[in-house]
Every structure is written in C-alpha cells, then in structure tokens.
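Chemist: My structure is below; once you've seen it, I'll send some questions.
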Amino acid sequence: MSGYPLLSLAIWIPIMAGLLILAVGRDSNPGLSRILSLIGALAGLLITIPLYTNFDASSTVMQFVELAPWIPRFNINYHLGVDGISMPFIILNSFITVIVVLAGWQVIKFKVAQYNAAFLIMSGLFNGIFCALDGILFYVFFEASLIPMYLIIGIWGGHNRVYAAIKFFLYTLFGSLLFLVAQLYLFIYSGGSFSILDWHQMPIPMGPQIAIFMAFLIAFAVKVPMWPVHTWLPDAHPEAPTGGSIILAAIALKLGAYGFLRFSLPILPDASHELSWLMITLSLIAVVYIGFVALVQADMKRLVAYSSIAHMGFVTLGFFLFTPLAVEGAIVQMISHGFVAGAMFFCIGVIYDRLHSHLISDCGGIVYRMPIYAAFMMLFAMANAGLPATSGFVGEFMVLMGAIEVNFWVAVIAATTMIVGAAYTLWMYKRVIFGPITNHHVEELTDVNKRELAILLILAFFVMAMGLYPEPVTHIMHTSVNDLLRHVAISKLQ
Amino acid sequence: MNPYVLDLITASPEVLVLAMGCLILILDLFVKDPSHTSTFVLTMLTLVGAAILTLFTSTGEVVYAFNGLYVDDLMGDLLKLVLYLTAIVTLFYARPYILQRPDLRRGEFYVLMLFATLGMMVMISANHLLTIYLGIELLSLSVYALVAMNRDSVASTEAAMKYFVLGALASGLLLYGMSMIYGATGTLSIPEISDALVANASNPTILIFGLVFIVSGLAFKLGVVPFHMWVPDVYQGAPTAITMLIGGAPKLAAFAITMRLLVSGLLLLAPDWQGMLLILAVLSLAIGNLAAIPQTNIKRMLAYSTISHMGFVLLGIVVGVVGGDARFALNAYSSSMFYVVSYVMMSVAAFGVIILLSRAGFEADRIDDFKGLNKRSPWFAAVMMMIMFSMAGVPFFIGFFAKFSILQAVVASGQIGLAIYAVLMSLIGAFYYLRIVKVMYFDEPIDESPIVAPMDMRVLLSINGLAIALFGLFPQTIMSLCAFSLLRSL
C-alpha cells in the first residue's frame, strides 16, 4: 500500500486550494481563479485514483487508515479510513468537483474566486465525511459542509435564494444537532469512545437503540431527504446555481444515505430490523407519492429534485431489505444517481444559461436549434427513467430483485417507479425538447459549445459504462457489503 | 520574611494595577496631547506588567493571603491572564472609536478601564464574601461611569441610570444573601463556610434563604433570565467600546465568583442551587434566543445572544453534582469555564467588527449597516461570518467545541432531555446568526464608504478572527488548561 496519507490529501488538497484561491483571487482577474480551481480540482481527483488502484477488494477491514489524537481530553481522534462502501464516493465527489468547476467556467461572472473556493472547500469537507471513522470528526465535516452550501445558494442563487438558503441550513442543522446528542450518548455509554468502529462492536439494549435510531433517522432523513422532511430540497434546487444543484444532487444527498450505512445499520442492528417496516414504508411513499408530485412540476429543476427524492427512496428501501443484492443495488443506485442527476442538472443549467429560465413552459422545440444537446439529454433522461443499458437501470433492478426475495408486494409497489419515473421524465423531455418553437428566445438558441460538449461526453461515458459493465464498481463493494450485512444480522442485545 | 510582604507578593498584580491606576490618573493631568497616547501606552504596559507578575507569582498551589481574604490559585491565574488579554484587546479596539468621539477621548477612560480590570481581578481572587463584594463594587462603579461618559447622549445616560439602579439593587440582594449566610454559619470566609456546612453547624432555613439572594445577585451579574432586563438596554445604550468591555471580561469574573461562592463555599447545598440555576438556564436559553430574532440593532441582538450563552454556561454548572455524586463535577465546571473563555473571545471580536465599521458620527450598530459587507471588505465579512457561525455552534469554530463540551457534560449527568432542549434552542439561535451572514453576503450594500480603521486594529481583529478558527481546529489546549487549573484549585 502507498505510504502517503492519501485520505488526508484528498481532504486537505481541495480545502487548501480553496483557501489559496480566496487569498489570491481578485474580481478583476477571474481567469486566474478559474485556472487555479481547475488545477485544485484535478489534483484532488488525481490523488483519489490510487485509492482505487491500491484498494484490496477482498479485505473487510478499513484501508488507508490514518489515526492521530486530535482532542485527547474527549478521546477524539483524527481517524480516517475507507472500505468498499465509502471509497467510491470519494472518487465520485472528487470527479463531480471537476465537473462543477468546468460547469461554472463561463457562466459565473460575479465573485468567481469565492464561488470556486466554496466548491473546493466543500469538496474537501465531503471527502472528510466519507472517510471519517471518528464520530465527532464525521460530525464536524458533516456540519461544516453546510456553510459553503449556504453561501453558494444564497450568493449565486435565483430570486428566492435567501429563503431557500436559510431553509436548507436550518433543516439540516436541526437533524444534525439531534445526531450530536445521540453521539454524546454513545460516547458516555461506551465509556468514553467516539470511534465508530468501537460502536459497531458495542452491545446496546433495545430501548436506547430505538431512541438513538430515531435521532440518527431525523439527521439522515433530512439529508437524504426522505418523505416527509424532504421539502427543503425542491426549494433549494431551483434557487441554487447549476454547480450547486449538481453537487447537491450528486453528493450532498448521498451523505444521509451513507450515514445509514455507517451509523444506523451497524451500530443499531436490532433497532434497524425492528423499525425496517417504518423505513420501507417511508421509502415507498417517497418512491410512489413523490413520483406523482414530480409529474405535475412546472419547473424543470423542481421536477428533477422530486425525481431525486424518489430515487433516494429506492436507496433507503434497498438498505432496509437487508439482502446483499438490495444493499449493493442501493449503493450502485447512489453512484449512478450522482452521475445521472448531476448530468440532468447540468443539462438544465445549459438551457438556463441561454434562456435564464428553468420553467418547462419557456422551452419547447429546442431540438430544432440544439440537436446535439437534445441527443445527450435524451440519454440522461432515459437513464433517469431507468432504461436498461444505462446506469439508472442497474441499481433499480438490483433493488427490485432484492425486494422480491423479501416481500413480493414491496417489490410491486417499488416497481411502479419504472412507470412513473418514465412518465415524468419523458413527458418533461417531450415538452422541453420537442413540439413547436414557442418563443423567440428559443429561436435564437445556439447549440452546446466545446466546453459543454466535453462535460456531456464525460458524463455520458460514465452513465453508459456503468449501465453496460457495472462490475468495476460492484466488485470493490462486494466484500464490505457482505461484511456489513453479516454484522447487521448479529443481535447486539444481551 | 514579614508575612505582610509575602501577602503583597502574592497579590502583586493587583497592587501593580492599583498603584498604576492612581499614578496614571495624576500623570494624565499633565498630558497635553488630545489623543492621550502616553496614557494609552502606560495603561497597556500596566496590563502587560500585571500579566508578567501573575505568571511569575503563580506557584500552581493554592496560596492564601491577607488572613484568608485573598486566594491565588491556578483557576484565578488562568482567568486573570485571559482577563488581561481581553482588556488589552478591548483597549486596542476601543482606541480608534474613542479618538473619533470627543466626549470619550479622555484620560479617565483608561483609568476607569484599569479600575474595572482591578475589580475583576479582585473578584477572581476573592476568598471572602466581603472581598467578593469589594471587587463587584469596584467593577460596577467604574463601568457605571464609563457607560455614562458620553454625556450628551440620551441613550447612554439612560443606560447608565438603568444599569446603576438595577446594579445597586443586585448588589443589595447579594449583600443581603451574604448577611444571611453569615447569620447561619457565623463566618464570611468561604472555606470556613464550607467547613461549617460540613460540620452541620448551621441553620438550614436561613442558609437556603440566603442562598436564594446570593443566586439572584449572581444571576444579575451574569445577566441571565429573569434578571436580564438591564442587559439589552445597557448593551444598546452604552458606547460600543464600553459595550465590548461589559460584554466580555466581566463574564470571566462572574464565572469565578460563581465558582468560589457556590462550589468552594456552598457545595453541600448543590442540590438547592442547581435547581435554581437550572430554571435560570432554561429560561435564558429560551428568552435569549427567541428575543434575539426580531432585533434590528446588532448590539441589542448580541445582548440577547449573550443571555443565551450565559444560559449555556449555567448548564455546565447545573450538572456538576448528580444525586450527591460529584464525580462529574470537574468535567462539568471545566466545560463551563471553557465556554466562558470561548465566549469572551467571540464577543470581543464581534464588537470589534462593529467598531471597525463605525466612524465619527456613525455607529454601525444596525443590522442593516452590515448589508453587503462582502462587497466592501471580503476579509472582514469572512471574519464576522466566522464569529457568527462560531456563536451558532457550527464547526470548525471554537463555539462548536464550547457547546460540545457543555452538552457532553449534560449527557454525562444523564439529563438527555436537557441536552435536547439545549440543542433545539441553539437551533433557534442559529437563525439570527445566519441572518447576519445573510445581510453581509446576500444583500447589496447601502453604505459604500470605505472602512477607516488603523492598521493595528485590522491586524488584531484578523488575529482574533483567526484564533476563533484555529482554536476551533485545535481546542485541546484551552480545554486541558481549564480542566487542569480547576483540578488544582477546587
């Protein structure tokens, strides 16, 4: 294994790059900020590649571990490590950061240095969340990442940005504060340890397990977001700039789901089994009900936001079925959603840059002016609907297979998403891309430029590749998922 | 050696500040320079000298002086060092502010600051009820005068009047409570009170009666609900430089006398005073956070925010003794101490930013004055943002670890419900801190004039802001210092 502290580098390179950009970036010279942030983002991506190539997919222990005391008074450690579940997300996050920097290249003209710095700092913090093995370290990254997102929505967002930013912040803070209290309880209960791995081994009686599970649930459910605490997301998305939407959909939503895998399931296996009916019900409501809500949206971003909630419902559904196929499918779905939702928001952003609107009614007939764009969007829309041979299909299919093993009716209800999802995505596509040209703004559209084409090509490659050959992704998580489920199957009651 | 000489050495920081205070008062008569630079420099040197003396006379042991009126221990030394630092920083921030205002631009300002500092030092090192009272009065009288110094301002005069009347009432309450304790135990010395309680040689009814008055008096000095009425008015009415003084260092001294009175003296009555403080803390968290939301004046908003912060400090003191078991006491009290120190660091910085934005004839004390600060000065907008997020308890800032350590003490005592209540209240609090960030970053500036402030203040304020972030990344040092000093003192 590599001797370098790769995980620390993955966290701190983007953060340092962000601070550097803040220090040297001037409003008079936005080009410098853009170049620097692209270098920072690419460096951050490059440093994560050895994580994949040097990863031992057959091992169940944490890899690339770094352990140093941070606050010895409370036994808080700077403890990093990844397994097959968290490692893909670090790479996904670093990759999406590059996309985001490119996506805002010509579009963001106001406070460029601060914009790019916020994204780079957030990227580092997200990496920290995915590799933290100490509860408080996790929490610190988890909550600190709210600050850049708050600023991104509030400074570069749309007309209702202030409301959306504050709602986003307070909603997520509410969840995480209860999470903190639950962690403190675990700290006292374990006799003074914040190590997540210690908590995994610690027996806990049923009563506290249920209480802690609920606290974790509120924190993670807000972040995922699950019905009924999802209402911040459709407000935040339309107001966020394109880059913000991409990061929000591709990475930020995964944090809550990841929290279930890292905290709820292994620390509280009995409560997880006991309350799986609740989780499955909430997930199914998200899948079906939110799917119908998405159908009637007039705003493209809101529509994709609701579709994200429905897709994340599939993820939480998969987790609480407790079969390897379903859990792996859910993780694949998370990664795929990162690419697909990121791509969808990028596509909407391309239109927004030209029309300054993401209302469906302002579009129509775009295919006559932007044929290349229309073709790419077709692919992503199909992936969003879960068409076979795209990445969107793999995860959903695996979760459905897992569901059938567990309960036929759960699978039937979940499968309706295949229809509803196709309905809202394709209906939106039809209204935006086809039909007669409705107004003179559409008349004047120009097709994608080279920068946009490059981003679309890269995203399309990954969407197709994951759909056709998901093996490189699934094989690294296989051992970790099985180990997790073996762990969850053992009762912690005494 | 003569025991009096030893006593004087032990109390040498106080002696130095007292002597220099009197000397500077006289010397200032001969200063012609309208900016009183020499007075300023001498005041600074005095504070630095006091810091050096405190460091050198610190033995790490508990040393009594003047027949047990005075105590020198590690807790006192640490709090005093923070106090000197706060006073120095306060003076640096205050200087450009008072130079622009002829009424404040006087030598008495520095002398009164020194006497207020001396009062706080006496409070911190008091080992006797009368010494505590002496310290409180020395601090209060100096601050009354400072608040009223802006003679032509109606708001300042009103604030001074309110502060004086209510402060005198609180001193009366405290004094009355002390006399009750004296009646019950027959002594005014804190260790002897503790001994009398252990020997069970006192009348419990009178003791509890006195305790109620003592707690009320302390609550007034800390500014917690329902003894908080003066806080918003005085914060808003006093000149910002004075508000900074009131809002910062005295909390250190109030914490110290709370420790001395309640923990060193009346620990056996912990179940009684913990119940009282619990009510104060719960109310302060609610009223402080809720009342801060509709404020349009940032000084008033910070006043309510102070009330809620003091509620957090009390939470740590409340959970020290659980069912007669004082095992968690050190952990809990040191969390409170850490909270006070972090709070002072944030509070001084917040008022520093207000002063930075104000200039002659313009106070910058409305929240609207912060609009679009990011466009006027990205760096100081970032500093203010760090202060606000720190106060809201968001990591990586010191305020998060302050709240964290209090919460872990509360959870360790088994009162999970109280911890959940506290975090819900701090969620409400997050809203008004977010609003400040919102006006700085999301709104357009209404005041485009450049920021005028001397370089030394800019640098110091930047260091102050960075310290909030730095100690948020590495809080271990201050945390352990607080815990260690309490361990060696109580």
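Chain labels run A, B, ... following the order of the structure tokens; each chain numbers its residues from 1, and ligands are numbered from 1 in the order shown.
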Taking the backbone alone, and naming residues the way the document does, which bits of segment 201-360 of chain B are helix (DSSP H, G or I) by DSSP, as a PyMOL selection string?
Modeler: chain B and resi 204-222+230-237+240-247+250-265+267-292+298-318+329-357
Chemist: Which neighbours of Leu233 of chain A fall inside 8 Å, counting only C-alpha atoms, when residues of the same chain fewer than 6 positions from it are skipped, and could you give them as a ChimeraX atom specification?
Modeler: /A:168,225,305
Chemist: The selected residues should be written to file as a PDB file, in the first residue's frame (atoms: N, CA and C atoms).
Modeler:
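Below is the file result36.pdb, written as the result:
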```pdb
ATOM      1  N   PHE A 168     -32.628  25.553   3.905  1.00  0.00           N
ATOM      2  CA  PHE A 168     -31.673  24.455   3.772  1.00  0.00           C
ATOM      3  C   PHE A 168     -30.832  24.315   5.036  1.00  0.00           C
ATOM      4  N   PRO A 225     -33.128  13.528   0.976  1.00  0.00           N
ATOM      5  CA  PRO A 225     -34.098  13.646   2.051  1.00  0.00           C
ATOM      6  C   PRO A 225     -35.211  12.639   1.853  1.00  0.00           C
ATOM      7  N   ALA A 305     -35.553  17.592  -8.917  1.00  0.00           N
ATOM      8  CA  ALA A 305     -35.373  17.493  -7.462  1.00  0.00           C
ATOM      9  C   ALA A 305     -36.317  16.438  -6.897  1.00  0.00           C
TER      10      ALA A 305
END
```
Chemist: What are the closest atom pairs, with distances in Å to one decimal, for all residues of chain B lying within 8 Å of chain A? Consider only C-alpha atoms, order rows by chain and residue number, and present the result as a Markdown table.
Modeler:
```
| residue | atom | partner | partner_atom | distance |
| --- | --- | --- | --- | --- |
| B:Val394 | CA | A:Ala144 | CA | 6.5 |
| B:Pro395 | CA | A:Ala144 | CA | 5.4 |
| B:Phe396 | CA | A:Ala144 | CA | 6.4 |
| B:Leu407 | CA | A:Val181 | CA | 7.5 |
| B:Gln408 | CA | A:Leu184 | CA | 5.8 |
| B:Val411 | CA | A:Tyr185 | CA | 6.3 |
| B:Ala412 | CA | A:Ile188 | CA | 6.0 |
| B:Ile416 | CA | A:Val181 | CA | 7.8 |
| B:Ala419 | CA | A:Val181 | CA | 6.9 |
| B:Ile420 | CA | A:Val181 | CA | 6.8 |
| B:Val423 | CA | A:Leu177 | CA | 6.1 |
| B:Leu424 | CA | A:Phe174 | CA | 7.4 |
| B:Leu427 | CA | A:Phe174 | CA | 6.3 |
| B:Ala430 | CA | A:Leu170 | CA | 7.5 |
| B:Phe431 | CA | A:Leu170 | CA | 7.2 |
| B:Leu434 | CA | A:Ile166 | CA | 7.3 |
| B:Lys438 | CA | A:Val162 | CA | 7.3 |
| B:Tyr441 | CA | A:Ile155 | CA | 6.5 |
| B:Phe442 | CA | A:Ile155 | CA | 5.2 |
| B:Phe474 | CA | A:Ile71 | CA | 7.4 |
| B:Pro475 | CA | A:Ile71 | CA | 7.1 |
| B:Gln476 | CA | A:Ile71 | CA | 5.1 |
| B:Met479 | CA | A:Arg73 | CA | 7.4 |
| B:Ser480 | CA | A:Arg73 | CA | 6.7 |
```
Chemist: Find the spatial neighbours of segment 381-389 of chain A, counting only C-alpha atoms, within a cut-off of 7 Å - ignore same-chain residues fewer than 3 positions away - and output them as a PyMOL selection string.
Modeler: chain A and resi 340+377-378+392-393+418+421-422+425-426+464+467-468
Chemist: Those residues with C-alpha atoms, as a tab-separated table (two decimals), in the first residue's frame please?
Modeler:
```
chain	number	residue	atom	x	y	z
A	340	VAL	CA	-27.43	10.98	-13.81
A	377	MET	CA	-30.34	14.97	-22.82
A	378	MET	CA	-32.25	12.05	-24.28
A	392	GLY	CA	-30.02	4.09	-13.80
A	393	PHE	CA	-31.27	0.62	-14.61
A	418	MET	CA	-40.35	2.35	-13.52
A	421	GLY	CA	-40.31	7.71	-13.49
A	422	ALA	CA	-40.54	7.19	-17.20
A	425	THR	CA	-39.01	12.31	-17.22
A	426	LEU	CA	-40.16	11.66	-20.74
A	464	MET	CA	-23.28	4.20	-20.31
A	467	GLY	CA	-25.03	0.60	-17.31
A	468	LEU	CA	-23.21	-1.84	-19.55
```
Chemist: For Val198 of chain B, work out the shell of residues within 12 Å, counting only C-alpha atoms and skipping chain neighbours fewer than 2 positions away, then give it as a list of chain:residue names.
Modeler: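 What passes the distance filter is B:Thr185, B:Pro191, B:Glu192, B:Ile193, B:Ser194, B:Asp195, B:Ala196, B:Asn200, B:Ala201, B:Ser202, B:Gly265, B:Leu266, B:Leu267, B:Leu268, B:Leu269.
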Chemist: Please save N, CA and C atoms of the selected residues as a short mmCIF file (atom, residue, chain, number, x, y, z; two decimals), in the first residue's frame.
Modeler:
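Final output, again.cif:
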```
data_model
loop_
_atom_site.label_atom_id
_atom_site.label_comp_id
_atom_site.auth_asym_id
_atom_site.auth_seq_id
_atom_site.Cartn_x
_atom_site.Cartn_y
_atom_site.Cartn_z
N THR B 185 -23.85 30.69 59.44
CA THR B 185 -22.60 29.97 59.67
C THR B 185 -21.66 30.71 60.61
N PRO B 191 -13.84 29.26 52.76
CA PRO B 191 -13.52 27.90 53.26
C PRO B 191 -14.19 27.61 54.60
N GLU B 192 -14.30 28.63 55.45
CA GLU B 192 -14.92 28.39 56.75
C GLU B 192 -16.41 28.13 56.60
N ILE B 193 -17.06 28.78 55.64
CA ILE B 193 -18.47 28.50 55.37
C ILE B 193 -18.62 27.04 54.99
N SER B 194 -17.71 26.60 54.10
CA SER B 194 -17.75 25.21 53.67
C SER B 194 -17.58 24.27 54.86
N ASP B 195 -16.61 24.60 55.75
CA ASP B 195 -16.39 23.76 56.94
C ASP B 195 -17.63 23.73 57.82
N ALA B 196 -18.25 24.90 57.98
CA ALA B 196 -19.43 24.97 58.84
C ALA B 196 -20.55 24.09 58.29
N ASN B 200 -22.19 20.67 59.82
CA ASN B 200 -23.64 20.70 60.01
C ASN B 200 -24.03 21.62 61.17
N ALA B 201 -23.25 22.70 61.34
CA ALA B 201 -23.49 23.59 62.47
C ALA B 201 -24.19 24.86 62.02
N SER B 202 -25.18 24.71 61.15
CA SER B 202 -25.82 25.92 60.68
C SER B 202 -27.32 25.69 60.55
N GLY B 265 -17.68 27.31 48.37
CA GLY B 265 -18.33 27.61 49.64
C GLY B 265 -19.52 26.72 49.94
N LEU B 266 -20.43 26.63 49.00
CA LEU B 266 -21.74 26.05 49.30
C LEU B 266 -21.99 24.75 48.54
N LEU B 267 -20.91 23.97 48.32
CA LEU B 267 -21.08 22.77 47.52
C LEU B 267 -22.10 21.81 48.12
N LEU B 268 -22.18 21.80 49.45
CA LEU B 268 -23.13 20.88 50.08
C LEU B 268 -24.58 21.26 49.78
N LEU B 269 -24.78 22.51 49.41
CA LEU B 269 -26.14 22.92 49.05
C LEU B 269 -26.38 22.76 47.56
#
```
Chemist: Determine the nearest neighbour of Cys131 of chain A from the options A:Ile85, A:Ile372, A:Val442, A:Ala164, counting only C-alpha atoms.
Modeler: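 Of A:Ile85, A:Ile372, A:Val442, A:Ala164, the one nearest Cys131 of chain A is A:Ile85, counting only C-alpha atoms.
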Chemist: Please provide as a VMD selection string all residues within 8 Å of Ala68 of chain A, with the sequence filter that same-chain residues fewer than 3 positions apart are discarded (counting only C-alpha atoms).
Modeler: chain A and resid 77 to 79
Chemist: Need to verify the contact set: segment 85-93 of chain B, 7 Å, only C-alpha atoms, exclusion of same-chain residues closer than 3 positions in sequence. Can you return it as a ChimeraX atom specification?
Modeler: /B:44,81-82,96,244-245,249,348,352,457
Chemist: Write a file of the just-selected residues containing C-alpha atoms, as a CSV table (one decimal), in the first residue's frame.
Modeler:
```
chain,number,residue,atom,x,y,z
B,44,MET,CA,-1.1,48.8,28.2
B,81,LEU,CA,-4.4,36.0,32.1
B,82,VAL,CA,-7.4,35.8,29.9
B,96,PRO,CA,-10.0,54.4,17.3
B,244,MET,CA,-17.4,45.5,24.4
B,245,LEU,CA,-16.0,45.9,27.9
B,249,ALA,CA,-14.3,40.3,30.5
B,348,VAL,CA,-14.8,40.9,21.9
B,352,GLY,CA,-14.5,44.7,17.3
B,457,MET,CA,-6.7,47.3,14.8
```
Chemist: Counting only C-alpha atoms, what is within 9 Å of Lys254 of chain A, bar same-chain residues fewer than 2 positions away, as a PyMOL selection string?
Modeler: chain A and resi 89+223-224+248-252+256-259+312+334-335+338
Chemist: Restricting it to C-alpha atoms, dump the selection as a PDB file, in the first residue's frame.
Modeler:
```pdb
ATOM      1  CA  PHE A  89     -17.972   8.141  -3.084  1.00  0.00           C
ATOM      2  CA  LYS A 223     -30.161  14.946   4.454  1.00  0.00           C
ATOM      3  CA  VAL A 224     -31.338  12.148   2.103  1.00  0.00           C
ATOM      4  CA  LEU A 248     -26.416  18.895  -4.027  1.00  0.00           C
ATOM      5  CA  ALA A 249     -27.906  16.103  -6.099  1.00  0.00           C
ATOM      6  CA  ALA A 250     -24.750  14.143  -6.809  1.00  0.00           C
ATOM      7  CA  ILE A 251     -23.049  14.227  -3.410  1.00  0.00           C
ATOM      8  CA  ALA A 252     -24.939  16.015  -0.643  1.00  0.00           C
ATOM      9  CA  GLY A 256     -27.577  10.929   4.602  1.00  0.00           C
ATOM     10  CA  ALA A 257     -27.771   7.554   2.893  1.00  0.00           C
ATOM     11  CA  TYR A 258     -24.128   6.924   3.701  1.00  0.00           C
ATOM     12  CA  GLY A 259     -24.899   7.795   7.322  1.00  0.00           C
ATOM     13  CA  MET A 312     -33.185   8.191  -2.988  1.00  0.00           C
ATOM     14  CA  MET A 334     -26.432   6.192  -5.248  1.00  0.00           C
ATOM     15  CA  ILE A 335     -23.395   6.349  -7.523  1.00  0.00           C
ATOM     16  CA  GLY A 338     -24.671  11.010  -8.795  1.00  0.00           C
TER      17      GLY A 338
END
```
